[in-house]
Every structure is written in structure tokens, then in C-alpha cells.
file entry33.txt (compact mmCIF, C-alpha atoms and all ligand atoms)
# COMPACT_ATOMS: atom_id res chain seq x y z
CA MET A 1 -5.19 10.96 -11.82
CA ARG A 2 -2.99 12.89 -14.22
CA ARG A 3 -0.77 10.63 -16.31
CA GLN A 4 2.86 11.30 -15.35
CA PRO A 5 5.81 11.28 -17.73
CA GLU A 6 7.14 7.97 -16.41
CA ASN A 7 4.23 6.34 -18.21
CA LEU A 8 5.84 7.23 -21.53
CA ASP A 9 7.98 4.10 -21.69
CA GLY A 10 9.46 3.50 -25.09
CA TYR A 11 9.14 7.10 -26.20
CA THR A 12 12.04 8.97 -27.67
CA ALA A 13 10.29 12.10 -28.80
CA GLU A 14 6.79 13.06 -29.66
CA PHE A 15 5.68 16.04 -31.62
CA SER A 16 2.23 17.07 -30.61
CA LEU A 17 0.04 19.95 -31.63
CA ASP A 18 -2.89 20.82 -29.47
CA ALA A 19 -4.75 22.99 -31.94
CA PHE A 20 -5.99 20.08 -33.98
CA GLY A 21 -9.66 20.21 -34.69
CA PRO A 22 -11.02 22.37 -37.45
CA PRO A 23 -8.20 22.23 -40.03
CA ASP A 24 -8.87 25.82 -41.05
CA VAL A 25 -8.08 27.08 -37.54
CA ALA A 26 -4.99 24.91 -37.27
CA LEU A 27 -3.68 25.87 -40.69
CA ARG A 28 -4.34 29.58 -40.24
CA SER A 29 -2.59 29.52 -36.89
CA LEU A 30 0.40 27.68 -38.28
CA ALA A 31 0.76 29.98 -41.25
CA ARG A 32 0.72 33.10 -39.11
CA ASP A 33 2.80 32.31 -36.06
CA PRO A 34 3.13 28.70 -35.08
CA LEU A 35 4.71 29.12 -31.67
CA ALA A 36 2.46 31.90 -30.45
CA SER A 37 -0.70 30.37 -31.81
CA PHE A 38 -0.29 27.05 -30.16
CA GLY A 39 0.76 28.53 -26.85
CA PRO A 40 2.32 26.48 -24.10
CA GLY A 41 0.45 23.38 -25.20
CA LEU A 42 2.80 22.75 -28.11
CA HIS A 43 5.64 20.71 -26.76
CA ILE A 44 8.02 17.89 -27.43
CA VAL A 45 8.68 15.17 -24.93
CA ASP A 46 12.30 13.99 -24.84
CA ARG A 47 13.66 11.12 -22.87
CA ASP A 48 17.17 11.49 -21.49
CA ALA A 49 19.19 10.18 -18.56
CA GLU A 50 17.28 12.46 -16.21
CA GLY A 51 13.91 11.16 -17.31
CA TYR A 52 11.32 12.91 -19.45
CA GLN A 53 11.44 16.57 -20.30
CA ALA A 54 8.77 18.58 -22.02
CA ARG A 55 10.03 21.52 -24.03
CA ARG A 56 8.98 23.91 -26.76
CA PRO A 57 9.87 22.80 -30.27
CA THR A 58 12.54 24.50 -32.32
CA TRP A 59 11.71 26.22 -35.58
CA LYS A 60 13.46 23.38 -37.41
CA GLU A 61 11.14 20.87 -35.79
CA LEU A 62 8.14 22.99 -36.62
CA GLY A 63 9.23 22.69 -40.22
CA LYS A 64 8.09 19.07 -40.04
CA VAL A 65 4.50 20.18 -39.95
CA SER A 66 3.00 20.13 -43.39
CA THR A 67 -0.32 19.82 -45.05
CA PHE A 68 -1.74 16.93 -46.98
CA THR A 69 -4.67 17.38 -49.30
CA LEU A 70 -6.87 14.40 -49.86
CA ASN A 71 -8.64 14.88 -53.15
CA ALA A 72 -9.50 12.53 -55.99
CA GLU A 73 -5.98 12.86 -57.37
CA THR A 74 -4.04 12.14 -54.14
CA GLN A 75 -6.53 9.40 -53.28
CA ALA A 76 -5.87 7.70 -56.63
CA HIS A 77 -2.12 8.19 -56.20
CA LEU A 78 -2.23 6.48 -52.80
CA ALA A 79 -4.57 3.72 -54.01
CA GLU A 80 -2.12 2.86 -56.76
CA ARG A 81 0.44 2.25 -54.03
CA GLY A 82 -1.94 0.10 -51.99
CA VAL A 83 -3.22 2.69 -49.51
CA TRP A 84 -6.99 3.11 -49.74
CA LEU A 85 -8.06 6.15 -47.73
CA HIS A 86 -11.80 6.60 -47.65
CA HIS A 87 -11.93 9.89 -45.72
CA ARG A 88 -13.78 12.95 -46.77
CA HIS A 89 -11.71 15.05 -49.17
CA ALA A 90 -10.06 17.84 -47.19
CA ASP A 91 -6.79 19.48 -46.17
CA TYR A 92 -5.21 17.60 -43.30
CA TYR A 93 -2.18 18.85 -41.50
CA VAL A 94 0.40 16.27 -40.60
CA GLY A 95 2.45 16.89 -37.48
CA ALA A 96 3.96 13.44 -37.18
CA LYS A 97 5.05 10.51 -39.28
CA ILE A 98 2.12 8.47 -40.58
CA ASP A 99 3.28 5.13 -41.93
CA PHE A 100 1.24 2.71 -43.99
CA GLU A 101 2.56 -0.66 -45.02
CA PRO A 102 0.66 -1.49 -48.21
CA PRO A 103 -1.89 -2.80 -48.79
CA VAL A 104 -4.19 -1.18 -46.22
CA ALA A 105 -7.81 -0.04 -46.47
CA ILE A 106 -8.88 2.73 -44.12
CA ALA A 107 -12.41 4.03 -43.73
CA ALA A 108 -11.83 5.28 -40.18
CA ASP A 109 -10.89 8.89 -39.50
CA LEU A 110 -7.21 9.18 -38.68
CA ALA A 111 -5.76 12.04 -36.63
CA TYR A 112 -2.64 13.01 -38.54
CA ASN A 113 -1.08 15.15 -35.84
CA PHE A 114 0.33 12.18 -33.91
CA PRO A 115 2.33 9.18 -35.09
CA ILE A 116 0.34 6.30 -36.55
CA ARG A 117 1.56 3.07 -38.10
CA ILE A 118 -0.71 0.58 -39.83
CA GLY A 119 0.54 -2.79 -41.07
CA ALA A 120 -0.12 -4.55 -44.35
CA PHE A 121 -3.42 -6.36 -45.07
CA SER A 122 -5.21 -4.50 -42.26
CA HIS A 123 -8.55 -2.80 -42.72
CA LEU A 124 -10.21 -0.18 -40.56
CA ASN A 125 -13.95 0.15 -41.19
CA GLY A 126 -14.74 3.23 -39.13
CA GLY A 127 -14.31 5.29 -36.00
CA TYR A 128 -11.63 7.72 -34.93
CA ILE A 129 -8.07 6.53 -34.54
CA GLN A 130 -4.97 8.35 -33.29
CA ARG A 131 -1.57 7.66 -31.68
CA VAL A 132 -1.50 3.96 -32.38
CA SER A 133 0.58 1.28 -33.97
CA ILE A 134 -1.54 -1.44 -35.62
CA GLY A 135 -0.01 -4.66 -36.92
CA ARG A 136 -0.71 -6.70 -40.05
CA TYR A 137 -3.89 -8.58 -41.01
CA CYS A 138 -5.98 -6.71 -38.44
CA SER A 139 -9.75 -6.31 -38.82
CA LEU A 140 -11.19 -3.26 -37.12
CA ALA A 141 -14.97 -2.92 -37.36
CA ARG A 142 -17.05 0.27 -37.25
CA ASP A 143 -17.17 3.02 -34.60
CA ILE A 144 -13.87 2.14 -32.97
CA GLN A 145 -12.20 4.75 -30.80
CA ILE A 146 -8.46 4.56 -30.09
CA GLY A 147 -5.88 6.99 -28.71
CA HIS A 148 -8.20 9.76 -27.57
CA GLY A 149 -6.00 10.99 -24.76
CA PHE A 150 -7.26 12.37 -21.50
CA HIS A 151 -7.81 15.65 -19.73
CA PRO A 152 -6.25 16.70 -16.43
CA ASN A 153 -8.54 15.75 -13.57
CA ASP A 154 -6.64 17.37 -10.72
CA TRP A 155 -6.11 20.83 -12.24
CA LEU A 156 -8.40 23.81 -11.76
CA SER A 157 -10.35 22.74 -14.81
CA VAL A 158 -10.59 19.71 -17.02
CA SER A 159 -10.41 21.96 -20.10
CA PRO A 160 -7.50 21.70 -22.56
CA LEU A 161 -7.64 25.52 -22.75
CA GLN A 162 -5.38 25.49 -19.68
CA TYR A 163 -2.42 24.42 -21.78
CA ALA A 164 -3.58 25.17 -25.32
CA PRO A 165 -5.45 28.50 -25.04
CA ASN A 166 -6.22 28.68 -28.73
CA TYR A 167 -7.64 25.19 -28.89
CA ARG A 168 -10.48 25.29 -31.42
CA GLY A 169 -9.70 28.96 -31.96
CA PHE A 170 -11.27 29.97 -28.62
CA SER A 171 -8.61 32.51 -27.55
CA GLU A 172 -8.85 34.17 -30.99
CA PHE A 173 -12.57 34.49 -30.46
CA ALA A 174 -12.11 35.87 -26.92
CA ALA A 175 -9.55 38.43 -28.18
CA ARG A 176 -11.97 39.59 -30.87
CA HIS A 177 -14.53 40.15 -28.14
CA GLY A 178 -12.37 42.29 -25.87
CA ALA A 179 -10.36 39.84 -23.79
CA ARG A 180 -6.85 40.95 -22.91
CA ARG A 181 -4.19 38.54 -24.12
CA SER A 182 -2.48 36.67 -21.33
CA ASP A 183 -0.49 33.50 -21.56
CA ILE A 184 -1.67 30.79 -19.27
CA LYS A 185 1.34 29.79 -17.24
CA THR A 186 0.98 26.18 -16.43
CA ILE A 187 3.08 23.18 -17.25
CA PRO A 188 2.44 21.57 -20.60
CA PHE A 189 0.13 18.64 -20.39
CA VAL A 190 2.02 15.45 -21.14
CA PHE A 191 0.40 12.77 -23.20
CA GLY A 192 0.56 9.15 -22.08
CA LYS A 193 1.82 6.14 -23.95
CA PRO A 194 0.54 5.42 -27.42
CA THR A 195 -1.59 2.33 -27.98
CA THR A 196 -0.16 -0.83 -29.55
CA ILE A 197 -2.21 -3.39 -31.42
CA GLY A 198 -0.55 -6.58 -32.59
CA ASN A 199 -1.07 -8.61 -35.74
CA ASP A 200 -4.20 -10.57 -36.72
CA VAL A 201 -6.31 -8.71 -34.14
CA TRP A 202 -10.09 -8.47 -34.62
CA ILE A 203 -11.83 -5.56 -32.90
CA GLY A 204 -15.64 -5.67 -32.98
CA ASN A 205 -18.05 -2.81 -33.49
CA HIS A 206 -18.19 0.12 -31.11
CA VAL A 207 -15.08 -0.58 -29.02
CA PHE A 208 -13.22 2.02 -26.96
CA VAL A 209 -9.55 1.34 -26.22
CA VAL A 210 -8.04 3.33 -23.35
CA ASP A 211 -4.70 5.01 -24.20
CA GLY A 212 -1.48 3.08 -23.82
CA ILE A 213 -3.05 -0.39 -23.93
CA THR A 214 -1.24 -3.23 -25.68
CA ILE A 215 -3.43 -5.76 -27.47
CA GLY A 216 -1.49 -8.92 -28.27
CA ASP A 217 -1.24 -10.78 -31.60
CA GLY A 218 -4.31 -12.79 -32.50
CA ALA A 219 -6.56 -11.25 -29.83
CA ILE A 220 -10.29 -10.63 -30.33
CA ILE A 221 -12.15 -7.74 -28.71
CA GLY A 222 -15.90 -8.30 -28.48
CA ALA A 223 -18.38 -5.75 -29.79
CA GLY A 224 -19.12 -2.84 -27.45
CA SER A 225 -16.11 -3.46 -25.20
CA VAL A 226 -14.19 -0.85 -23.23
CA VAL A 227 -10.60 -2.11 -23.09
CA THR A 228 -8.90 -0.86 -19.94
CA ARG A 229 -6.12 -3.44 -19.54
CA ASP A 230 -3.59 -5.10 -21.80
CA VAL A 231 -4.91 -8.11 -23.70
CA ASP A 232 -2.73 -11.22 -24.03
CA PRO A 233 -2.10 -12.76 -27.44
CA TYR A 234 -4.85 -15.02 -28.81
CA THR A 235 -7.21 -14.04 -25.98
CA ILE A 236 -10.88 -13.17 -26.52
CA VAL A 237 -12.10 -10.38 -24.25
CA ALA A 238 -15.45 -8.59 -24.07
CA GLY A 239 -17.54 -6.29 -21.94
CA ASN A 240 -17.18 -3.02 -20.06
CA PRO A 241 -14.57 -3.23 -18.68
CA ALA A 242 -13.37 -5.96 -21.04
CA ARG A 243 -12.81 -9.30 -19.28
CA VAL A 244 -11.23 -12.48 -20.59
CA LEU A 245 -13.75 -14.92 -22.10
CA ARG A 246 -11.28 -17.54 -23.29
CA SER A 247 -8.20 -18.23 -25.37
CA ARG A 248 -8.68 -18.83 -29.08
CA PHE A 249 -6.46 -21.91 -29.05
CA ASP A 250 -4.69 -24.24 -26.62
CA THR A 251 -1.36 -23.14 -25.16
CA ASN A 252 0.71 -25.33 -27.46
CA LEU A 253 -0.88 -23.92 -30.62
CA VAL A 254 -0.61 -20.33 -29.34
CA GLU A 255 3.10 -20.86 -28.69
CA ARG A 256 3.61 -22.22 -32.21
CA LEU A 257 1.70 -19.30 -33.74
CA LEU A 258 3.70 -16.74 -31.80
CA GLU A 259 6.92 -18.50 -32.73
CA LEU A 260 6.16 -18.67 -36.46
CA ARG A 261 4.50 -15.23 -36.79
CA TRP A 262 2.78 -16.13 -40.08
CA TRP A 263 1.86 -12.47 -40.69
CA ARG A 264 5.47 -11.84 -41.74
CA TYR A 265 4.41 -13.22 -45.12
CA SER A 266 2.35 -11.72 -47.88
CA LEU A 267 -1.13 -12.97 -48.58
CA ALA A 268 0.13 -13.69 -52.09
CA ASP A 269 2.53 -16.28 -50.64
CA LEU A 270 -0.04 -18.05 -48.49
CA GLY A 271 -2.12 -19.64 -51.25
CA ALA A 272 -0.97 -23.15 -50.30
CA VAL A 273 -2.05 -22.72 -46.69
CA ASP A 274 -5.34 -24.05 -45.28
CA PHE A 275 -6.43 -21.13 -43.10
CA SER A 276 -9.33 -23.08 -41.59
CA ARG A 277 -6.98 -25.56 -39.87
CA PRO A 278 -4.32 -23.57 -37.97
CA ASP A 279 -2.21 -26.59 -36.94
CA VAL A 280 -2.11 -27.95 -40.50
CA ALA A 281 -1.43 -24.44 -41.80
CA LEU A 282 1.55 -24.09 -39.47
CA ASN A 283 3.02 -27.42 -40.64
CA ARG A 284 2.69 -26.32 -44.28
CA LEU A 285 4.18 -22.91 -43.56
CA GLU A 286 7.15 -24.47 -41.81
CA GLU A 287 7.79 -26.56 -44.92
CA LEU A 288 7.50 -23.55 -47.23
CA ILE A 289 9.88 -21.53 -45.08
CA ALA A 290 12.39 -24.38 -44.69
CA SER A 291 12.50 -24.91 -48.46
CA ASP A 292 12.87 -21.15 -49.12
CA GLU A 293 9.70 -21.18 -51.21
CA ILE A 294 8.47 -18.07 -49.45
CA SER A 295 10.29 -15.14 -47.95
CA GLU A 296 9.21 -12.38 -45.63
CA TYR A 297 7.12 -9.59 -47.08
CA LEU A 298 9.02 -6.32 -46.65
CA PRO A 299 7.22 -3.66 -48.71
CA ASP A 300 8.28 -0.04 -48.97
CA VAL A 301 6.37 1.91 -46.36
CA ILE A 302 4.19 4.79 -47.60
CA THR A 303 4.62 7.81 -45.36
CA LEU A 304 2.43 10.88 -45.06
CA PRO A 305 3.02 13.64 -45.82
CA LEU A 306 3.96 12.34 -49.27
CA SER A 307 7.37 13.43 -50.45
CA GLU A 308 6.54 13.22 -54.21
C1 LIG B 401 -16.78 -11.84 -28.40
C2 LIG B 401 -17.30 -12.63 -29.62
C3 LIG B 401 -16.19 -12.66 -30.66
C4 LIG B 401 -17.68 -14.06 -29.26
O1 LIG B 401 -16.66 -14.74 -28.58
P1 LIG B 401 -16.94 -16.23 -28.01
O2 LIG B 401 -15.79 -16.65 -27.20
O3 LIG B 401 -17.32 -17.11 -29.14
O4 LIG B 401 -18.12 -15.94 -27.02
P2 LIG B 401 -19.51 -16.69 -26.79
O5 LIG B 401 -20.47 -16.29 -27.86
O6 LIG B 401 -19.28 -18.16 -26.56
O7 LIG B 401 -19.96 -16.02 -25.43
C5 LIG B 401 -19.27 -16.27 -24.21
C6 LIG B 401 -19.82 -15.32 -23.16
O8 LIG B 401 -19.41 -13.98 -23.47
C7 LIG B 401 -20.55 -13.13 -23.60
N1 LIG B 401 -20.29 -12.20 -24.71
C8 LIG B 401 -20.11 -12.50 -26.01
N2 LIG B 401 -19.86 -11.40 -26.71
C9 LIG B 401 -19.91 -10.37 -25.84
C10 LIG B 401 -19.75 -8.97 -25.99
N3 LIG B 401 -19.48 -8.42 -27.17
N4 LIG B 401 -19.84 -8.23 -24.88
C11 LIG B 401 -20.12 -8.78 -23.67
N5 LIG B 401 -20.27 -10.11 -23.49
C12 LIG B 401 -20.17 -10.88 -24.57
C13 LIG B 401 -21.71 -14.09 -23.91
O9 LIG B 401 -22.94 -13.52 -23.51
C14 LIG B 401 -21.33 -15.29 -23.10
O10 LIG B 401 -21.67 -15.01 -21.75
P3 LIG B 401 -22.25 -16.21 -20.79
O11 LIG B 401 -21.13 -17.22 -20.73
O12 LIG B 401 -22.51 -15.50 -19.50
O13 LIG B 401 -23.45 -16.72 -21.48
C15 LIG B 401 -18.56 -11.98 -30.22
O14 LIG B 401 -19.64 -12.09 -29.29
C16 LIG B 401 -18.40 -10.54 -30.65
O15 LIG B 401 -18.55 -9.60 -29.86
N6 LIG B 401 -18.09 -10.37 -31.94
C17 LIG B 401 -17.90 -9.08 -32.55
C18 LIG B 401 -18.93 -8.92 -33.70
C19 LIG B 401 -18.72 -7.63 -34.46
O16 LIG B 401 -18.50 -6.57 -33.88
N7 LIG B 401 -18.74 -7.71 -35.77
C20 LIG B 401 -18.44 -6.55 -36.59
C21 LIG B 401 -18.11 -6.96 -37.99
S1 LIG B 401 -16.38 -7.16 -38.19

call {"tool": "encode", "arguments": {"input": "entry33.txt", "output": "C-alpha cells"}}
result
Amino acid sequence: MRRQPENLDGYTAEFSLDAFGPPDVALRSLARDPLASFGPGLHIVDRDAEGYQARRPTWKELGKVSTFTLNAETQAHLAERGVWLHHRHADYYVGAKIDFEPPVAIAADLAYNFPIRIGAFSHLNGGYIQRVSIGRYCSLARDIQIGHGFHPNDWLSVSPLQYAPNYRGFSEFAARHGARRSDIKTIPFVFGKPTTIGNDVWIGNHVFVVDGITIGDGAIIGAGSVVTRDVDPYTIVAGNPARVLRSRFDTNLVERLLELRWWRYSLADLGAVDFSRPDVALNRLEELIASDEISEYLPDVITLPLSE
């Protein structure tokens, strides 16, 4: 079933470009004629009193799209600020705000055309990640797939070419080979909710997370899982589809953990805490907080595209 706009709870606006894919195609298209190149697939979703409306972006909004070159120099610049990006060096185009709370270490591919937020002390070891907010102290293993979207399944075709004719440069190719230009007149395809991952979440190897899922603080996702439903905090799930195996801790301890939210603090302030004994750690943390010996970690967020 096609995801309808009412599934976009919590959205104010989203800037989405459908011609992502080979950066050279996307960049060439943008440089020449952004609106025409992206066709009806380029849209913004606004929420107002009437509900959700999809509309074409204004030129001012298009001005937000910029490029970001990851080379040895920009990589070093980011690393100095606590953002370790281990992608291949290339030009990326950024069509949305990408926020990193340092320090983070990212070896997964990120799709920069949709909003992403990654919290401090989280590491992503591999896979392809887009349209997601990830909390602090998360451990994401290899080959993880998040935020991949969906195709219409009740339209004439399942192809994105129905709303983004130049996707992957295909309409350019067709025009070069004699096709007459015609705009495809169908409604823009509306993306569903982004995915939300809490703090201190461990996701095992080779996991697929369906769009719009919320994974609670402290949850564990077993290797090879397909996550199709929200996961409660401190719950271990596994399998395809992922099912609950058990809770990590008893209810009382889970409540204390969710109340204290230890991830508000920097690793540098947690030296006195015995991580291997959560109940003892919580007692110690409560003392440290009560005596003002530690205060919340609130680093400056690093946003791509870089302004300096
Ligand atoms: C899920 C996991 C964390 C173990 O959790 P656990 O609660 O200790 O689970 P157990 O080992 O006691 O297994 C409980 C049941 O779940 C099953 N199970 C465990 N992991 C599973 C998985 N990934 N997928 C499907 N079933 C799984 C077990 O077979 C067992 O089933 P049974 O009761 O029918 O015998 C672990 O198996 C896992 O998948 N870890 C991820 C490892 C990884 O990806 N590492 C990458 C490096 S970061």
C-alpha cells in the first residue's frame, strides 16, 4: 500500500531530491536547471492546518542545495572536530541538514540528500543509511540498511521514473536517443516518516530497518534481523520479522535508566562509573549529578555542508 501523508507525523518540512544516485548526474542537473531536471519528483512536504501538502520548492529553497567534497583535507578538518568520515573521497551533494554531534565515527555510506542526525559517541561500521536520527553511544555493525524508502505498489509501475523522470539520468538518455520530451503528470510521491533510533542502541550485522520505525533507548537488534515494528527501550529483538527475545534488565532497572538518561553525559565524565554493574553505576551517577561534579555534555553540532 502506498504510504499516505498522514504517516508523516512530526514533520514540518522535508526537502527531497529524487535524482540522487550518481553524483555527476545530480550535480550536472542541478547546475543546469534544477527545477526542470528533477521534474515533478522534487517536492517539499509542508504540514499546515489542512494536513500535508506537497509542493514544488522555491528558488530560495533550492539555494540550500550545495556540494560537499570529501577529500583528505576536508576529512582531516572534520576529524579535528571529532567527526570521522570513512567514505570514499568524492563530491557529495547535500540537500538537507546533516548534523553530527562530536565525537562520531562513520564508516557507513550516508545519503546526504535527506536529513540525518547522529549523536555523540556513536559509531557506524557499514551499510547505507539515510533519513534517520540516531542517538548517542549507539553501536551499528556492518551492512546495516536504514531509511531506504519505498516505491509505489498501486501505481501503473513500481518505478520511480513515474515521479522523477530523470532519475539516474534516464530521461536524458532517452532524449538523446530520440524520445520526445513529455512531463509525466502524476502526483509527487510522498516519503514516509523518517526512522528514529534512541541512545545506547546496538544493531547487529546485516540488519534492515523498515522506514519510520522507532527503536527505543538501550535496545538490541540481533544480527540479520528485519525490523518491521517499533522496538521498546531495553528490549532485545531478533529474526525476520524481528520478534522480542527478552528485556535487557528488569522493569525497575529499565525505569531508572530511562529516568536518568546517562547518555546525557560525556564519556570523559563517566570515569568513576562501573559500567559492568548498571545498578551500582546508576547510584554513582546520581551522586555525581547531585553534587554537581558532572554536567550534561552539550557540544557544538557539526553540520554539513560546512559553513567554513
Ligand atoms: C540477539 C543477540 C544479541 C543475543 O541475544 P540473547 O538474548 O542473548 O539471545 P540468546 O543467545 O539467549 O538466544 C535466544 C533465542 O534467540 C535466538 N537468536 C539469537 N540471536 C538471533 C538472531 N540474530 N536472529 C534470530 N534468532 C536469534 C536464539 O537462537 C535463541 O532461540 P531459542 O530460544 O529458540 O533457542 C545475538 O544473538 C546477536 O544477534 N548479536 C549480534 C552480533 C553481531 O551482529 N555482532 C556484530 C559486531 S558489533

call {"tool": "residues_around", "arguments": {"input": "entry33.txt", "residues": "Pro299 in chain A", "least_positions_apart": "5", "cutoff": "9 Å", "atoms": "only C-alpha atoms", "output": "mmCIF file with C-alpha atoms, keeping the file's coordinate frame"}}
result
data_model
loop_
_atom_site.group_PDB
_atom_site.id
_atom_site.type_symbol
_atom_site.label_atom_id
_atom_site.label_comp_id
_atom_site.auth_asym_id
_atom_site.auth_seq_id
_atom_site.Cartn_x
_atom_site.Cartn_y
_atom_site.Cartn_z
ATOM 1 C CA GLU A 101 2.560 -0.660 -45.020
ATOM 2 C CA PRO A 102 0.660 -1.490 -48.210
ATOM 3 C CA ALA A 120 -0.120 -4.550 -44.350
#

call {"tool": "residues_around", "arguments": {"input": "entry33.txt", "residues": "Tyr92 in chain A", "least_positions_apart": "6", "cutoff": "8 Å", "atoms": "all atoms listed in the file", "output": "list in words"}}
result
Pro23, Thr67, Phe68, Thr69, Leu70 and Tyr112 of chain A

call {"tool": "axis_aligned_box", "arguments": {"input": "entry33.txt", "around": "range 135-151 of chain A", "padding_each_side": "5 Å", "output": "AutoDock Vina command-line options"}}
result
--center_x -8.6 --center_y 3.5 --center_z -30.4 --size_x 27.2 --size_y 34.2 --size_z 31.3

call {"tool": "residues_near_point", "arguments": {"input": "entry33.txt", "point": "(1.3, -18.7, -29.1)", "cutoff": "12 Å", "atoms": "all atoms listed in the file", "output": "PDB file with C-alpha atoms, keeping the file's coordinate frame"}}
result
ATOM      1  CA  GLY A 216      -1.490  -8.920 -28.270  1.00  0.00           C
ATOM      2  CA  ASP A 217      -1.240 -10.780 -31.600  1.00  0.00           C
ATOM      3  CA  GLY A 218      -4.310 -12.790 -32.500  1.00  0.00           C
ATOM      4  CA  ALA A 219      -6.560 -11.250 -29.830  1.00  0.00           C
ATOM      5  CA  ASP A 232      -2.730 -11.220 -24.030  1.00  0.00           C
ATOM      6  CA  PRO A 233      -2.100 -12.760 -27.440  1.00  0.00           C
ATOM      7  CA  TYR A 234      -4.850 -15.020 -28.810  1.00  0.00           C
ATOM      8  CA  THR A 235      -7.210 -14.040 -25.980  1.00  0.00           C
ATOM      9  CA  SER A 247      -8.200 -18.230 -25.370  1.00  0.00           C
ATOM     10  CA  ARG A 248      -8.680 -18.830 -29.080  1.00  0.00           C
ATOM     11  CA  PHE A 249      -6.460 -21.910 -29.050  1.00  0.00           C
ATOM     12  CA  ASP A 250      -4.690 -24.240 -26.620  1.00  0.00           C
ATOM     13  CA  THR A 251      -1.360 -23.140 -25.160  1.00  0.00           C
ATOM     14  CA  ASN A 252       0.710 -25.330 -27.460  1.00  0.00           C
ATOM     15  CA  LEU A 253      -0.880 -23.920 -30.620  1.00  0.00           C
ATOM     16  CA  VAL A 254      -0.610 -20.330 -29.340  1.00  0.00           C
ATOM     17  CA  GLU A 255       3.100 -20.860 -28.690  1.00  0.00           C
ATOM     18  CA  ARG A 256       3.610 -22.220 -32.210  1.00  0.00           C
ATOM     19  CA  LEU A 257       1.700 -19.300 -33.740  1.00  0.00           C
ATOM     20  CA  LEU A 258       3.700 -16.740 -31.800  1.00  0.00           C
ATOM     21  CA  GLU A 259       6.920 -18.500 -32.730  1.00  0.00           C
ATOM     22  CA  LEU A 260       6.160 -18.670 -36.460  1.00  0.00           C
ATOM     23  CA  ARG A 261       4.500 -15.230 -36.790  1.00  0.00           C
ATOM     24  CA  TRP A 262       2.780 -16.130 -40.080  1.00  0.00           C
ATOM     25  CA  PRO A 278      -4.320 -23.570 -37.970  1.00  0.00           C
ATOM     26  CA  ASP A 279      -2.210 -26.590 -36.940  1.00  0.00           C
ATOM     27  CA  LEU A 282       1.550 -24.090 -39.470  1.00  0.00           C
TER      28      LEU A 282
END

call {"tool": "atom_distance", "arguments": {"input": "entry33.txt", "atom1": "atom C13 of ligand LIG 401 (chain B)", "atom2": "CA of Val237 in chain A"}}
result
10.3 Å

call {"tool": "closest_residue", "arguments": {"input": "entry33.txt", "among": "A:Thr74, A:Thr196, A:Asn153, A:Gln162", "to": "Gln130 in chain A", "atoms": "only C-alpha atoms"}}
result
A:Thr196
